[in-house]
Amino acid sequence: MSARTLHLRARVDRGSFALDVDLALPGRGITILFGPSGSGKTTCLRVLAGLEARCEAHVAVGELVWQDSGQRLFVPPHRRAVGYVFQEASLFPHLSVEGNLRFGFDRTPAGERRHDWRHGLELLGIGDLLQRRPRELSGGERQRVAIARALAASPRLLLMDEPLAALDAPRKAEILPWLEHLHDRLDIPVVYVTHSLDEAARLGDHLVLLDAGRARAHGPVIEMLSRPDLPLAHGDGAGALIEAVTCGLQSDSGLCELRFDGGTLLLPQTRATPLPDRTPVRVRIQARDVSLSLQRAEQTSVLNILPATVTDIGDDGPGQMLVGLRLGHATRLLARISRLSCERLGVAPGLPVYAQIKGVAMVR
């Protein structure tokens, strides 16, 4: 097992529910646990945190083993270097923000402290909140403080159980950029539970799809979201992720140019300060925003029209078909079109087409 691997093997039997997973996950970045309610997402977090002492499990972060039922090894929760962030911030109401941060830091043995209690201040933008009490904070501020408190204990693993679920849309929009900032700066694995495909697309590196206590599939988020054999690639929210780099602003049109393996995308410049050239970005293109043509349209308002090759095709609801496309050497795109359009165009694997992309969203 790689020194950079998070390993979770667990069997939990509660009669009406059973979890049986065996996962080797990246030792850095954000792993998304995704699936319907009751699929076992939170139970996985509980095993990692040491809250399921009676289960059969093997838990290791790199070469550090916290649980191995075969060797009768079990490290209790308080001795695992785990940070846990819940839906509710659960801050100590009688302590200031600084007091909450120092609480976890002071209870971490000096030899295990890898950074100061102030570690999360810049990462989460809470330096000006230190003297406030939790009741004086917004919901987004409380969650940022909760994450900073978890980081103050120098965790080797950060667990996040739907940390945005209790927030309204404005507060989610407030905290998401800080979570992206964490993604770029943290050198530890993060396991993140969510029901939101938007959060998965924006934050995730790796995704585990859970169903009825089993891992149906797992892999890089970009691959998982466009796999036609998985439910993630179907339904109204289906779409593909593309990693690109910025190539400047077209001064005459006010459009931002993004380049990737399959070509160039243009999208409106919505940032007050344009991103520097060669900045890596991630964009999401929903299947419902992609139409197909056998010839390149010339007189159209659609800006992004790219040559593609059909790779696969399948049913996607009454009268609808989901078409998999390849752009360039390896970039994958999805298009949802009517069955009638599919028949009229003669869509089949190997057919060269033009993908007409009506909407592009930069998600990271």
# chains A, B, ... in the order shown; residues from 1 in each chain; ligands from 1

$ residues_around --residues "Gly70 of chain A" --least-positions-apart "6" --cutoff "10 Å" --atoms "only C-alpha atoms" --output "ChimeraX atom specification"
/A:56-58

$ residues_around --residues "Val97 of chain A" --least-positions-apart "5" --cutoff "7 Å" --atoms "only C-alpha atoms" --output "number ranges by chain"
A: 129-134, 145

$ closest_atom_pairs --of "segment 39-95 of chain A" --to "segment 7-25 of chain A" --cutoff "9 Å" --atoms "only C-alpha atoms" --output "Markdown table"
| residue | atom | partner | partner_atom | distance |
| --- | --- | --- | --- | --- |
| A:Ser39 | CA | A:Leu19 | CA | 8.3 |
| A:Gly40 | CA | A:Leu19 | CA | 6.3 |
| A:Thr43 | CA | A:Leu19 | CA | 7.8 |
| A:Cys44 | CA | A:Ala10 | CA | 7.9 |
| A:Val47 | CA | A:Ala10 | CA | 7.4 |
| A:Leu48 | CA | A:Leu8 | CA | 7.3 |
| A:Glu52 | CA | A:Val12 | CA | 8.2 |
| A:Arg54 | CA | A:Val12 | CA | 8.3 |
| A:Cys55 | CA | A:Val12 | CA | 5.3 |
| A:Glu56 | CA | A:Arg11 | CA | 5.3 |
| A:Ala57 | CA | A:Ala10 | CA | 4.2 |
| A:His58 | CA | A:Arg9 | CA | 5.0 |
| A:Val59 | CA | A:Leu8 | CA | 4.9 |
| A:Ala60 | CA | A:His7 | CA | 5.1 |
| A:Val61 | CA | A:His7 | CA | 6.4 |
| A:Gly62 | CA | A:His7 | CA | 7.7 |

$ closest_atom_pairs --of "segment 118-164 of chain A" --to "segment 73-85 of chain A" --cutoff "10 Å" --atoms "only C-alpha atoms" --output "CSV"
residue,atom,partner,partner_atom,distance
A:Gln143,CA,A:Val85,CA,8.3
A:Arg144,CA,A:Val85,CA,9.8
A:Ala146,CA,A:Val85,CA,6.6
A:Ile147,CA,A:Val85,CA,6.2
A:Ala148,CA,A:Gly83,CA,9.6
A:Arg149,CA,A:Gly83,CA,8.3
A:Ala150,CA,A:Gly83,CA,4.6
A:Leu151,CA,A:Gly83,CA,6.5
A:Ala152,CA,A:Gly83,CA,8.8
A:Ala153,CA,A:Gly83,CA,7.3
A:Ser154,CA,A:Ala81,CA,7.0
A:Pro155,CA,A:Ala81,CA,4.5
A:Arg156,CA,A:Ala81,CA,5.4
A:Leu157,CA,A:Val82,CA,5.0
A:Leu158,CA,A:Gly83,CA,4.6
A:Leu159,CA,A:Tyr84,CA,4.8
A:Met160,CA,A:Val85,CA,4.7
A:Asp161,CA,A:Val85,CA,6.2
A:Glu162,CA,A:Val85,CA,8.4
A:Pro163,CA,A:Val85,CA,6.6

$ select_by_dssp --residues "segment 131-291 of chain A" --states "strand (DSSP E)" --output "ChimeraX atom specification"
/A:157-161,189-193,206-211,214-220,239-250,255-260,263-268,280-286,290-291

$ select_by_dssp --residues "segment 31-174 of chain A" --states "alpha helix (DSSP H)" --output "ChimeraX atom specification"
/A:41-49,97-106,119-124,139-152,169-174

$ decode --residues "segment 80-98 of chain A" --atoms "N, CA and C atoms" --output "PDB file, in the first residue's frame"
ATOM      1  N   ARG A  80      -6.887   8.984  17.534  1.00  0.00           N
ATOM      2  CA  ARG A  80      -6.749   9.077  16.079  1.00  0.00           C
ATOM      3  C   ARG A  80      -6.656  10.561  15.712  1.00  0.00           C
ATOM      4  N   ALA A  81      -5.723  10.881  14.876  1.00  0.00           N
ATOM      5  CA  ALA A  81      -5.552  12.276  14.454  1.00  0.00           C
ATOM      6  C   ALA A  81      -6.557  12.580  13.348  1.00  0.00           C
ATOM      7  N   VAL A  82      -7.826  12.669  13.756  1.00  0.00           N
ATOM      8  CA  VAL A  82      -8.927  12.878  12.819  1.00  0.00           C
ATOM      9  C   VAL A  82      -9.637  14.176  13.158  1.00  0.00           C
ATOM     10  N   GLY A  83      -9.870  15.014  12.155  1.00  0.00           N
ATOM     11  CA  GLY A  83     -10.732  16.171  12.300  1.00  0.00           C
ATOM     12  C   GLY A  83     -12.094  15.836  11.728  1.00  0.00           C
ATOM     13  N   TYR A  84     -13.161  16.185  12.450  1.00  0.00           N
ATOM     14  CA  TYR A  84     -14.518  15.799  12.036  1.00  0.00           C
ATOM     15  C   TYR A  84     -15.376  17.059  12.007  1.00  0.00           C
ATOM     16  N   VAL A  85     -15.962  17.363  10.857  1.00  0.00           N
ATOM     17  CA  VAL A  85     -16.833  18.527  10.700  1.00  0.00           C
ATOM     18  C   VAL A  85     -18.230  18.022  10.346  1.00  0.00           C
ATOM     19  N   PHE A  86     -19.225  18.434  11.136  1.00  0.00           N
ATOM     20  CA  PHE A  86     -20.591  17.966  10.962  1.00  0.00           C
ATOM     21  C   PHE A  86     -21.438  19.006  10.214  1.00  0.00           C
ATOM     22  N   GLN A  87     -22.714  18.651   9.980  1.00  0.00           N
ATOM     23  CA  GLN A  87     -23.634  19.595   9.336  1.00  0.00           C
ATOM     24  C   GLN A  87     -23.762  20.866  10.162  1.00  0.00           C
ATOM     25  N   GLU A  88     -23.898  20.702  11.464  1.00  0.00           N
ATOM     26  CA  GLU A  88     -23.958  21.841  12.374  1.00  0.00           C
ATOM     27  C   GLU A  88     -22.560  22.102  12.920  1.00  0.00           C
ATOM     28  N   ALA A  89     -22.216  23.379  13.072  1.00  0.00           N
ATOM     29  CA  ALA A  89     -20.856  23.728  13.494  1.00  0.00           C
ATOM     30  C   ALA A  89     -20.515  23.203  14.881  1.00  0.00           C
ATOM     31  N   SER A  90     -21.508  23.134  15.791  1.00  0.00           N
ATOM     32  CA  SER A  90     -21.309  22.607  17.154  1.00  0.00           C
ATOM     33  C   SER A  90     -20.137  23.268  17.871  1.00  0.00           C
ATOM     34  N   LEU A  91     -20.038  24.581  17.755  1.00  0.00           N
ATOM     35  CA  LEU A  91     -19.002  25.310  18.481  1.00  0.00           C
ATOM     36  C   LEU A  91     -19.392  25.452  19.938  1.00  0.00           C
ATOM     37  N   PHE A  92     -18.409  25.626  20.812  1.00  0.00           N
ATOM     38  CA  PHE A  92     -18.690  25.849  22.234  1.00  0.00           C
ATOM     39  C   PHE A  92     -19.203  27.277  22.396  1.00  0.00           C
ATOM     40  N   PRO A  93     -20.469  27.452  22.810  1.00  0.00           N
ATOM     41  CA  PRO A  93     -21.056  28.795  22.836  1.00  0.00           C
ATOM     42  C   PRO A  93     -20.409  29.726  23.854  1.00  0.00           C
ATOM     43  N   HIS A  94     -19.793  29.161  24.916  1.00  0.00           N
ATOM     44  CA  HIS A  94     -19.219  29.996  25.972  1.00  0.00           C
ATOM     45  C   HIS A  94     -17.795  30.445  25.645  1.00  0.00           C
ATOM     46  N   LEU A  95     -17.238  29.941  24.517  1.00  0.00           N
ATOM     47  CA  LEU A  95     -15.878  30.306  24.137  1.00  0.00           C
ATOM     48  C   LEU A  95     -15.897  31.215  22.908  1.00  0.00           C
ATOM     49  N   SER A  96     -14.909  32.082  22.823  1.00  0.00           N
ATOM     50  CA  SER A  96     -14.729  32.899  21.627  1.00  0.00           C
ATOM     51  C   SER A  96     -14.237  32.013  20.490  1.00  0.00           C
ATOM     52  N   VAL A  97     -14.125  32.576  19.302  1.00  0.00           N
ATOM     53  CA  VAL A  97     -13.565  31.836  18.176  1.00  0.00           C
ATOM     54  C   VAL A  97     -12.155  31.360  18.511  1.00  0.00           C
ATOM     55  N   GLU A  98     -11.357  32.243  19.092  1.00  0.00           N
ATOM     56  CA  GLU A  98     -10.004  31.842  19.480  1.00  0.00           C
ATOM     57  C   GLU A  98     -10.037  30.713  20.492  1.00  0.00           C
TER      58      GLU A  98
END
